[in-house]
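To be precise, the following lines are run-v7.pdb, and they hold PDB, C-alpha atoms.
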MODEL        1
ATOM      1  CA  MET A   1     112.311 109.247  84.566
ATOM      2  CA  VAL A   2     113.700 112.042  86.664
ATOM      3  CA  PHE A   3     114.372 115.634  85.671
ATOM      4  CA  PRO A   4     117.070 117.294  87.701
ATOM      5  CA  PRO A   5     117.703 120.916  86.817
ATOM      6  CA  PRO A   6     121.038 122.484  87.666
ATOM      7  CA  GLY A   7     121.785 123.928  91.084
ATOM      8  CA  GLY A   8     119.480 123.645  94.087
ATOM      9  CA  HIS A   9     116.718 121.862  92.179
ATOM     10  CA  THR A  10     119.071 118.964  91.471
ATOM     11  CA  THR A  11     119.762 118.707  95.184
ATOM     12  CA  GLU A  12     116.011 118.736  95.882
ATOM     13  CA  ILE A  13     115.195 115.950  93.441
ATOM     14  CA  LEU A  14     118.087 113.790  94.663
ATOM     15  CA  ARG A  15     116.886 114.208  98.259
ATOM     16  CA  LEU A  16     113.490 113.030  97.116
ATOM     17  CA  LEU A  17     115.008 110.054  95.317
ATOM     18  CA  SER A  18     117.050 109.072  98.352
ATOM     19  CA  SER A  19     113.830 108.212 100.180
ATOM     20  CA  LEU A  20     112.534 105.929  97.420
ATOM     21  CA  SER A  21     112.899 102.180  97.612
ATOM     22  CA  GLN A  22     115.021 100.095  95.283
ATOM     23  CA  SER A  23     111.879  99.067  93.376
ATOM     24  CA  TYR A  24     112.142 102.369  91.472
ATOM     25  CA  CYS A  25     114.673 100.954  89.083
ATOM     26  CA  PRO A  26     115.977 101.614  86.533
ATOM     27  CA  ARG A  27     116.017 105.398  86.831
ATOM     28  CA  HIS A  28     116.327 107.459  83.675
ATOM     29  CA  TYR A  29     117.598 110.959  84.308
ATOM     30  CA  ILE A  30     116.838 113.585  81.697
ATOM     31  CA  PHE A  31     118.409 117.011  81.742
ATOM     32  CA  ALA A  32     119.261 119.839  79.379
ATOM     33  CA  ASP A  33     122.198 119.386  77.049
ATOM     34  CA  SER A  34     123.687 122.663  78.345
ATOM     35  CA  ASP A  35     123.476 121.535  82.001
ATOM     36  CA  LYS A  36     127.004 120.682  83.105
ATOM     37  CA  MET A  37     126.468 120.345  86.886
ATOM     38  CA  SER A  38     123.688 117.787  87.145
ATOM     39  CA  GLU A  39     125.569 114.873  85.627
ATOM     40  CA  ASP A  40     128.285 114.990  88.308
ATOM     41  CA  LYS A  41     125.714 115.266  91.102
ATOM     42  CA  ILE A  42     123.710 112.357  89.716
ATOM     43  CA  ARG A  43     126.764 110.129  89.308
ATOM     44  CA  THR A  44     127.839 110.843  92.892
ATOM     45  CA  PHE A  45     124.316 110.145  94.153
ATOM     46  CA  GLU A  46     124.076 106.888  92.204
ATOM     47  CA  GLN A  47     127.509 105.708  93.379
ATOM     48  CA  LYS A  48     126.394 106.160  97.001
ATOM     49  CA  ARG A  49     123.067 104.471  96.247
ATOM     50  CA  ALA A  50     124.910 101.487  94.720
ATOM     51  CA  GLU A  51     126.630 100.940  98.077
ATOM     52  CA  THR A  52     123.198 100.278  99.610
ATOM     53  CA  PHE A  53     121.342  98.714  96.682
ATOM     54  CA  SER A  54     123.372  96.312  94.588
ATOM     55  CA  ASN A  55     121.003  96.398  91.603
ATOM     56  CA  SER A  56     121.109 100.169  91.148
ATOM     57  CA  GLN A  57     120.567 100.922  87.451
ATOM     58  CA  PHE A  58     120.314 104.323  85.818
ATOM     59  CA  THR A  59     120.795 106.134  82.540
ATOM     60  CA  LEU A  60     121.671 109.727  81.739
ATOM     61  CA  ASN A  61     119.879 111.412  78.852
ATOM     62  CA  ARG A  62     120.259 114.925  77.477
ATOM     63  CA  ILE A  63     117.693 116.876  75.510
ATOM     64  CA  PRO A  64     117.754 120.390  74.070
ATOM     65  CA  ARG A  65     116.871 123.093  76.571
ATOM     66  CA  CYS A  66     113.474 124.734  76.029
ATOM     67  CA  ARG A  67     114.604 128.178  76.988
ATOM     68  CA  GLU A  68     118.013 129.571  77.830
ATOM     69  CA  VAL A  69     118.442 132.338  80.374
ATOM     70  CA  ARG A  70     117.557 135.701  78.799
ATOM     71  CA  GLN A  71     116.119 134.034  75.676
ATOM     72  CA  SER A  72     113.069 135.871  74.331
ATOM     73  CA  TRP A  73     109.679 134.321  74.981
ATOM     74  CA  SER A  74     108.823 134.344  71.289
ATOM     75  CA  SER A  75     111.920 132.385  70.266
ATOM     76  CA  SER A  76     111.431 129.989  73.187
ATOM     77  CA  VAL A  77     108.265 128.725  71.505
ATOM     78  CA  LEU A  78     110.395 127.335  68.684
ATOM     79  CA  THR A  79     113.059 125.874  70.978
ATOM     80  CA  THR A  80     110.335 124.261  73.099
ATOM     81  CA  LEU A  81     108.746 122.678  70.026
ATOM     82  CA  TYR A  82     112.178 121.394  69.002
ATOM     83  CA  SER A  83     112.683 119.958  72.481
ATOM     84  CA  ILE A  84     109.292 118.203  72.293
ATOM     85  CA  LEU A  85     110.173 116.689  68.906
ATOM     86  CA  TYR A  86     113.515 115.550  70.321
ATOM     87  CA  SER A  87     111.890 114.171  73.496
ATOM     88  CA  PHE A  88     109.199 112.035  71.921
ATOM     89  CA  PRO A  89     111.514 109.313  70.510
ATOM     90  CA  LEU A  90     113.329 109.150  73.853
ATOM     91  CA  THR A  91     110.099 108.877  75.827
ATOM     92  CA  PHE A  92     108.769 106.324  73.330
ATOM     93  CA  ARG A  93     111.948 104.232  73.680
ATOM     94  CA  LEU A  94     112.043 104.381  77.495
ATOM     95  CA  LYS A  95     108.257 104.016  78.029
ATOM     96  CA  PRO A  96     108.459 105.069  81.684
ATOM     97  CA  ASP A  97     105.873 104.062  84.267
ATOM     98  CA  LEU A  98     106.408 107.252  86.249
ATOM     99  CA  ILE A  99     107.860 110.695  85.643
ATOM    100  CA  LEU A 100     109.031 112.573  88.728
ATOM    101  CA  CYS A 101     109.947 116.199  88.117
ATOM    102  CA  ASN A 102     110.427 119.349  90.153
ATOM    103  CA  GLY A 103     110.532 122.435  88.048
ATOM    104  CA  PRO A 104     112.986 122.614  85.196
ATOM    105  CA  GLY A 105     111.597 123.631  81.833
ATOM    106  CA  THR A 106     113.216 120.483  80.491
ATOM    107  CA  CYS A 107     110.514 118.374  82.097
ATOM    108  CA  VAL A 108     107.667 120.014  80.157
ATOM    109  CA  PRO A 109     108.545 118.557  76.708
ATOM    110  CA  VAL A 110     109.026 115.077  78.141
ATOM    111  CA  CYS A 111     105.761 115.265  80.073
ATOM    112  CA  ILE A 112     104.028 116.363  76.862
ATOM    113  CA  SER A 113     105.684 113.415  75.102
ATOM    114  CA  ALA A 114     104.363 111.116  77.830
ATOM    115  CA  LEU A 115     100.879 112.536  77.317
ATOM    116  CA  LEU A 116     101.234 111.780  73.595
ATOM    117  CA  LEU A 117     102.047 108.158  74.480
ATOM    118  CA  GLU A 118      98.770 108.005  76.383
ATOM    119  CA  ILE A 119      96.772 109.741  73.626
ATOM    120  CA  LEU A 120      98.158 107.231  71.116
ATOM    121  CA  ALA A 121      97.186 104.408  73.529
ATOM    122  CA  LEU A 122     100.796 103.217  73.727
ATOM    123  CA  LYS A 123     101.416 103.682  77.454
ATOM    124  CA  LYS A 124      99.895 105.370  80.507
ATOM    125  CA  VAL A 125     102.619 107.310  82.314
ATOM    126  CA  ILE A 126     102.012 108.704  85.793
ATOM    127  CA  ILE A 127     103.342 112.258  86.095
ATOM    128  CA  VAL A 128     104.276 113.491  89.557
ATOM    129  CA  TYR A 129     105.287 117.123  89.748
ATOM    130  CA  VAL A 130     106.861 118.454  92.957
ATOM    131  CA  GLU A 131     107.018 122.243  93.094
ATOM    132  CA  SER A 132     110.291 123.512  94.481
ATOM    133  CA  ILE A 133     110.528 124.430  98.153
ATOM    134  CA  CYS A 134     111.510 127.946  97.087
ATOM    135  CA  ARG A 135     108.082 128.489  95.467
ATOM    136  CA  VAL A 136     106.158 129.857  98.460
ATOM    137  CA  GLU A 137     103.356 131.965  96.937
ATOM    138  CA  THR A 138     103.434 131.416  93.169
ATOM    139  CA  LEU A 139     104.109 128.493  90.890
ATOM    140  CA  SER A 140     107.054 128.267  88.536
ATOM    141  CA  LEU A 141     106.285 128.441  84.814
ATOM    142  CA  SER A 142     106.686 124.656  84.566
ATOM    143  CA  GLY A 143     104.334 124.297  87.523
ATOM    144  CA  LYS A 144     101.746 126.557  85.909
ATOM    145  CA  ILE A 145     101.819 124.363  82.795
ATOM    146  CA  LEU A 146     101.996 120.944  84.438
ATOM    147  CA  TYR A 147      99.366 121.745  87.078
ATOM    148  CA  TYR A 148      96.775 120.866  84.447
ATOM    149  CA  PHE A 149      98.461 117.721  83.104
ATOM    150  CA  SER A 150     100.116 116.012  86.059
ATOM    151  CA  ASP A 151      98.503 113.118  87.895
ATOM    152  CA  TYR A 152      99.871 114.355  91.220
ATOM    153  CA  PHE A 153     100.893 117.955  91.823
ATOM    154  CA  ILE A 154     102.725 118.376  95.123
ATOM    155  CA  VAL A 155     103.342 121.717  96.831
ATOM    156  CA  GLN A 156     105.395 122.358  99.946
ATOM    157  CA  TRP A 157     103.647 125.464 101.274
ATOM    158  CA  PRO A 158     100.029 125.826 102.492
ATOM    159  CA  ALA A 159      99.580 129.129 100.591
ATOM    160  CA  LEU A 160     100.027 127.260  97.306
ATOM    161  CA  LYS A 161      97.516 124.592  98.311
ATOM    162  CA  GLU A 162      94.971 127.361  98.950
ATOM    163  CA  LYS A 163      95.559 128.898  95.492
ATOM    164  CA  TYR A 164      95.741 125.576  93.628
ATOM    165  CA  PRO A 165      93.095 123.171  94.989
ATOM    166  CA  LYS A 166      94.161 120.219  92.792
ATOM    167  CA  SER A 167      97.561 120.262  94.488
ATOM    168  CA  VAL A 168      98.579 118.021  97.341
ATOM    169  CA  TYR A 169     100.220 119.699 100.329
ATOM    170  CA  LEU A 170     102.613 117.398 102.163
ATOM    171  CA  GLY A 171     104.646 119.979 104.032
ATOM    172  CA  ARG A 172     108.349 120.174 103.416
ATOM    173  CA  ILE A 173     109.444 116.988 101.676
ATOM    174  CA  VAL A 174     112.934 117.961 100.472
TER     175      VAL A 174
ENDMDL
END
Produce structure tokens that represent the structure in this file.
Amino acid sequence: MVFPPPGGHTTEILRLLSSLSQSYCPRHYIFADSDKMSEDKIRTFEQKRAETFSNSQFTLNRIPRCREVRQSWSSSVLTTLYSILYSFPLTFRLKPDLILCNGPGTCVPVCISALLLEILALKKVIIVYVESICRVETLSLSGKILYYFSDYFIVQWPALKEKYPKSVYLGRIV
């Protein structure tokens, strides 16, 4: 499962995916239902990937956004709970081996759903969180949440590794 947010984060996650082997298949992309840009970028990426790997398989899945721009924090609690409830059946159906995400709030409900799969002893899902290259000194809100729940938490700046010892610093990877 992959979580591309709109804009530059989508570009980052697709760069990451371009270095993965064909064994990471099928890929299930999950993004917010209000995200109009990511679908086009993903389709273009997958069409190019299909030229290299003949068995390229992917799905596109939309879930409700946890928090819209300028939405109050108090009301975002409700929309996040709704997104978690919406995400669990999807995560249960897909039963991913690995979740790779890089910062959108959309990834938090699905990662929580994956943790529920593990708690219910249905499936162990490895969660890999890659903090965006633009996060130099502080983590994003998604990063602050998933730091405690991810199996691998990757940062791209040494200052973040110093502040967050569980993280893995690999340098610039996107």
Item to check | Nearby residues (all atoms listed in the file) at most 7 Å from Gly103 in chain A, same-chain spacing under 4 positions excluded, as a PyMOL selection string | outcome: chain A and resi 131-132+140+142-143
Checklist entry - Counting only C-alpha atoms, which of A:Pro104, A:Ser54, A:Val110, A:Arg172 gets nearest to Lys144 in chain A? => result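 Between A:Pro104, A:Ser54, A:Val110, A:Arg172, the residue approaching Lys144 in chain A most closely is A:Pro104.
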Item to check | Residue with smallest distance to Tyr129 in chain A - pool A:Tyr86, A:Ile13, A:Leu81, A:Gly8, counting all atoms listed in the file | outcome: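 Nearest candidate to Tyr129 in chain A out of A:Tyr86, A:Ile13, A:Leu81, A:Gly8: A:Ile13.
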Next on the checklist: With all atoms listed in the file as the counted atoms, please give the residues lying no more than 10 Å from Asp33 in chain A, apart from itself and same-chain residues fewer than 4 positions off, as a list in words.
Outcome noted: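 Near Asp33 in chain A, the qualifying residues are Asn61, Arg62, Ile63, Pro64, Arg65 and Thr106 of chain A.
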Item to check | Spatial neighbours of Ile112 in chain A, 8 Å, only C-alpha atoms, chain gap at least 4 places, as JSON, numbers by chain | outcome: {"A": [84, 108, 116]}
Output the selection as a PDB file, in the frame of the given file - C-alpha atoms for each residue.
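Final file, again.pdb:
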ATOM      1  CA  ILE A  84     109.292 118.203  72.293  1.00  0.00           C
ATOM      2  CA  VAL A 108     107.667 120.014  80.157  1.00  0.00           C
ATOM      3  CA  LEU A 116     101.234 111.780  73.595  1.00  0.00           C
TER       4      LEU A 116
END
Checklist entry - Can you list, as JSON, numbers by chain, every protein, DNA or RNA residue that comes within 12 Å of Thr138 in chain A when you count all atoms listed in the file, leaving out same-chain residues fewer than 4 positions away? => result {"A": [131, 132, 133, 134, 142, 143, 144, 155, 156, 157, 158, 159, 160, 161, 162, 163, 164]}
Kindly export the residues of the current selection with C-alpha atoms, as a PDB file, in the frame of the given file.
ATOM      1  CA  GLU A 131     107.018 122.243  93.094  1.00  0.00           C
ATOM      2  CA  SER A 132     110.291 123.512  94.481  1.00  0.00           C
ATOM      3  CA  ILE A 133     110.528 124.430  98.153  1.00  0.00           C
ATOM      4  CA  CYS A 134     111.510 127.946  97.087  1.00  0.00           C
ATOM      5  CA  SER A 142     106.686 124.656  84.566  1.00  0.00           C
ATOM      6  CA  GLY A 143     104.334 124.297  87.523  1.00  0.00           C
ATOM      7  CA  LYS A 144     101.746 126.557  85.909  1.00  0.00           C
ATOM      8  CA  VAL A 155     103.342 121.717  96.831  1.00  0.00           C
ATOM      9  CA  GLN A 156     105.395 122.358  99.946  1.00  0.00           C
ATOM     10  CA  TRP A 157     103.647 125.464 101.274  1.00  0.00           C
ATOM     11  CA  PRO A 158     100.029 125.826 102.492  1.00  0.00           C
ATOM     12  CA  ALA A 159      99.580 129.129 100.591  1.00  0.00           C
ATOM     13  CA  LEU A 160     100.027 127.260  97.306  1.00  0.00           C
ATOM     14  CA  LYS A 161      97.516 124.592  98.311  1.00  0.00           C
ATOM     15  CA  GLU A 162      94.971 127.361  98.950  1.00  0.00           C
ATOM     16  CA  LYS A 163      95.559 128.898  95.492  1.00  0.00           C
ATOM     17  CA  TYR A 164      95.741 125.576  93.628  1.00  0.00           C
TER      18      TYR A 164
END
Item to check | Residue members of the PyMOL selection byres ((chain A and resi 15-32) around 8) in the file shown, as a VMD selection string | outcome: chain A and resid 1 to 5 11 to 14 33 to 35 38 49 53 55 to 65 106 to 107 173 to 174
Next on the checklist: I'd like the interatomic distance between CA of Asp97 in chain A and CA of Lys48 in chain A, to a tenth of an Å.
Outcome noted: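 Distance reported for this atom pair: 24.2 Å.
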Checklist outcome for this item: Nearest to Arg93 in chain A, restricted to all atoms listed in the file and choosing among A:Lys166, A:Lys36, A:His9, A:Lys123, comes out as A:Lys123
Checklist entry - What separation in Å, quoted to one decimal, exists between CA of Glu51 in chain A and CA of Met37 in chain A? => result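 So the two atoms, CA of Glu51 in chain A and CA of Met37 in chain A, lie 22.4 Å apart.
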Item to check | Computed interatomic separation between CA of Asp40 in chain A and CA of Thr10 in chain A (Å) | outcome: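 For CA of Asp40 in chain A relative to CA of Thr10 in chain A, the distance reads 10.5 Å.
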Starting from the PyMOL selection byres ((chain A and resi 124) around 10), expand the selection into actual residues of this file and give them as a PDB file with C-alpha atoms, keeping the file's coordinate frame.
ATOM      1  CA  LYS A  95     108.257 104.016  78.029  1.00  0.00           C
ATOM      2  CA  PRO A  96     108.459 105.069  81.684  1.00  0.00           C
ATOM      3  CA  ASP A  97     105.873 104.062  84.267  1.00  0.00           C
ATOM      4  CA  LEU A  98     106.408 107.252  86.249  1.00  0.00           C
ATOM      5  CA  ALA A 114     104.363 111.116  77.830  1.00  0.00           C
ATOM      6  CA  LEU A 115     100.879 112.536  77.317  1.00  0.00           C
ATOM      7  CA  LEU A 116     101.234 111.780  73.595  1.00  0.00           C
ATOM      8  CA  LEU A 117     102.047 108.158  74.480  1.00  0.00           C
ATOM      9  CA  GLU A 118      98.770 108.005  76.383  1.00  0.00           C
ATOM     10  CA  ILE A 119      96.772 109.741  73.626  1.00  0.00           C
ATOM     11  CA  LEU A 120      98.158 107.231  71.116  1.00  0.00           C
ATOM     12  CA  ALA A 121      97.186 104.408  73.529  1.00  0.00           C
ATOM     13  CA  LEU A 122     100.796 103.217  73.727  1.00  0.00           C
ATOM     14  CA  LYS A 123     101.416 103.682  77.454  1.00  0.00           C
ATOM     15  CA  VAL A 125     102.619 107.310  82.314  1.00  0.00           C
ATOM     16  CA  ILE A 126     102.012 108.704  85.793  1.00  0.00           C
ATOM     17  CA  ILE A 127     103.342 112.258  86.095  1.00  0.00           C
TER      18      ILE A 127
END
Item to check | Pick from A:Leu94, A:Cys101, A:Cys66, A:Ile42, whichever lies nearest to Tyr82 in chain A using all atoms listed in the file | outcome: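 Residue with the minimum atom-to-atom distance to Tyr82 in chain A: A:Cys66.
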Hey, could you pull the box centre and edge lengths for range 37-42 of chain A, axis-aligned, 3 Å padding per side, all listed atoms, to one decimal in Å, as lines of an AutoDock Vina configuration file?
center_x = 126.0
center_y = 116.4
center_z = 88.4
size_x = 10.6
size_y = 14.0
size_z = 11.5
Starting from the incomplete input, reconstruct N, CA, C and O atoms of range 72-92 of chain A and report them as an mmCIF file, in the coordinates of the input.
data_model
loop_
_atom_site.group_PDB
_atom_site.id
_atom_site.type_symbol
_atom_site.label_atom_id
_atom_site.label_comp_id
_atom_site.auth_asym_id
_atom_site.auth_seq_id
_atom_site.Cartn_x
_atom_site.Cartn_y
_atom_site.Cartn_z
ATOM 1 N N SER A 72 114.382 135.238 74.484
ATOM 2 C CA SER A 72 113.069 135.871 74.331
ATOM 3 C C SER A 72 111.968 134.816 74.388
ATOM 4 O O SER A 72 112.172 133.658 74.017
ATOM 5 N N TRP A 73 110.815 135.234 74.865
ATOM 6 C CA TRP A 73 109.679 134.321 74.981
ATOM 7 C C TRP A 73 109.235 133.847 73.602
ATOM 8 O O TRP A 73 108.875 132.693 73.432
ATOM 9 N N SER A 74 109.280 134.730 72.618
ATOM 10 C CA SER A 74 108.823 134.344 71.289
ATOM 11 C C SER A 74 109.721 133.264 70.676
ATOM 12 O O SER A 74 109.239 132.300 70.085
ATOM 13 N N SER A 75 111.029 133.409 70.826
ATOM 14 C CA SER A 75 111.920 132.385 70.266
ATOM 15 C C SER A 75 111.893 131.102 71.097
ATOM 16 O O SER A 75 112.202 130.022 70.591
ATOM 17 N N SER A 76 111.495 131.198 72.361
ATOM 18 C CA SER A 76 111.431 129.989 73.187
ATOM 19 C C SER A 76 110.302 129.057 72.752
ATOM 20 O O SER A 76 110.352 127.859 73.021
ATOM 21 N N VAL A 77 109.314 129.590 72.047
ATOM 22 C CA VAL A 77 108.265 128.725 71.505
ATOM 23 C C VAL A 77 108.880 127.728 70.525
ATOM 24 O O VAL A 77 108.596 126.523 70.580
ATOM 25 N N LEU A 78 109.743 128.211 69.657
ATOM 26 C CA LEU A 78 110.395 127.335 68.684
ATOM 27 C C LEU A 78 111.325 126.334 69.355
ATOM 28 O O LEU A 78 111.339 125.148 68.992
ATOM 29 N N THR A 79 112.128 126.797 70.317
ATOM 30 C CA THR A 79 113.059 125.874 70.978
ATOM 31 C C THR A 79 112.302 124.838 71.816
ATOM 32 O O THR A 79 112.744 123.687 71.935
ATOM 33 N N THR A 80 111.149 125.223 72.352
ATOM 34 C CA THR A 80 110.335 124.261 73.099
ATOM 35 C C THR A 80 109.746 123.214 72.156
ATOM 36 O O THR A 80 109.757 122.015 72.475
ATOM 37 N N LEU A 81 109.260 123.638 71.011
ATOM 38 C CA LEU A 81 108.746 122.678 70.026
ATOM 39 C C LEU A 81 109.846 121.714 69.577
ATOM 40 O O LEU A 81 109.613 120.501 69.453
ATOM 41 N N TYR A 82 111.040 122.238 69.368
ATOM 42 C CA TYR A 82 112.178 121.394 69.002
ATOM 43 C C TYR A 82 112.467 120.382 70.110
ATOM 44 O O TYR A 82 112.698 119.197 69.851
ATOM 45 N N SER A 83 112.424 120.845 71.346
ATOM 46 C CA SER A 83 112.683 119.958 72.481
ATOM 47 C C SER A 83 111.614 118.867 72.582
ATOM 48 O O SER A 83 111.921 117.716 72.905
ATOM 49 N N ILE A 84 110.365 119.206 72.287
ATOM 50 C CA ILE A 84 109.292 118.203 72.293
ATOM 51 C C ILE A 84 109.548 117.156 71.208
ATOM 52 O O ILE A 84 109.448 115.951 71.456
ATOM 53 N N LEU A 85 109.890 117.619 70.010
ATOM 54 C CA LEU A 85 110.173 116.689 68.906
ATOM 55 C C LEU A 85 111.353 115.784 69.230
ATOM 56 O O LEU A 85 111.376 114.601 68.873
ATOM 57 N N TYR A 86 112.339 116.319 69.920
ATOM 58 C CA TYR A 86 113.515 115.550 70.321
ATOM 59 C C TYR A 86 113.153 114.555 71.438
ATOM 60 O O TYR A 86 113.691 113.452 71.492
ATOM 61 N N SER A 87 112.246 114.972 72.322
ATOM 62 C CA SER A 87 111.890 114.171 73.496
ATOM 63 C C SER A 87 111.018 112.975 73.172
ATOM 64 O O SER A 87 111.100 111.941 73.843
ATOM 65 N N PHE A 88 110.154 113.112 72.176
ATOM 66 C CA PHE A 88 109.199 112.035 71.921
ATOM 67 C C PHE A 88 109.870 110.692 71.626
ATOM 68 O O PHE A 88 109.490 109.679 72.225
ATOM 69 N N PRO A 89 110.872 110.626 70.739
ATOM 70 C CA PRO A 89 111.514 109.313 70.510
ATOM 71 C C PRO A 89 112.163 108.745 71.779
ATOM 72 O O PRO A 89 112.123 107.528 72.008
ATOM 73 N N LEU A 90 112.723 109.608 72.602
ATOM 74 C CA LEU A 90 113.329 109.150 73.853
ATOM 75 C C LEU A 90 112.265 108.589 74.787
ATOM 76 O O LEU A 90 112.413 107.494 75.339
ATOM 77 N N THR A 91 111.186 109.325 74.956
ATOM 78 C CA THR A 91 110.099 108.877 75.827
ATOM 79 C C THR A 91 109.475 107.594 75.276
ATOM 80 O O THR A 91 109.164 106.675 76.030
ATOM 81 N N PHE A 92 109.314 107.530 73.962
ATOM 82 C CA PHE A 92 108.769 106.324 73.330
ATOM 83 C C PHE A 92 109.680 105.122 73.588
ATOM 84 O O PHE A 92 109.220 104.030 73.902
#
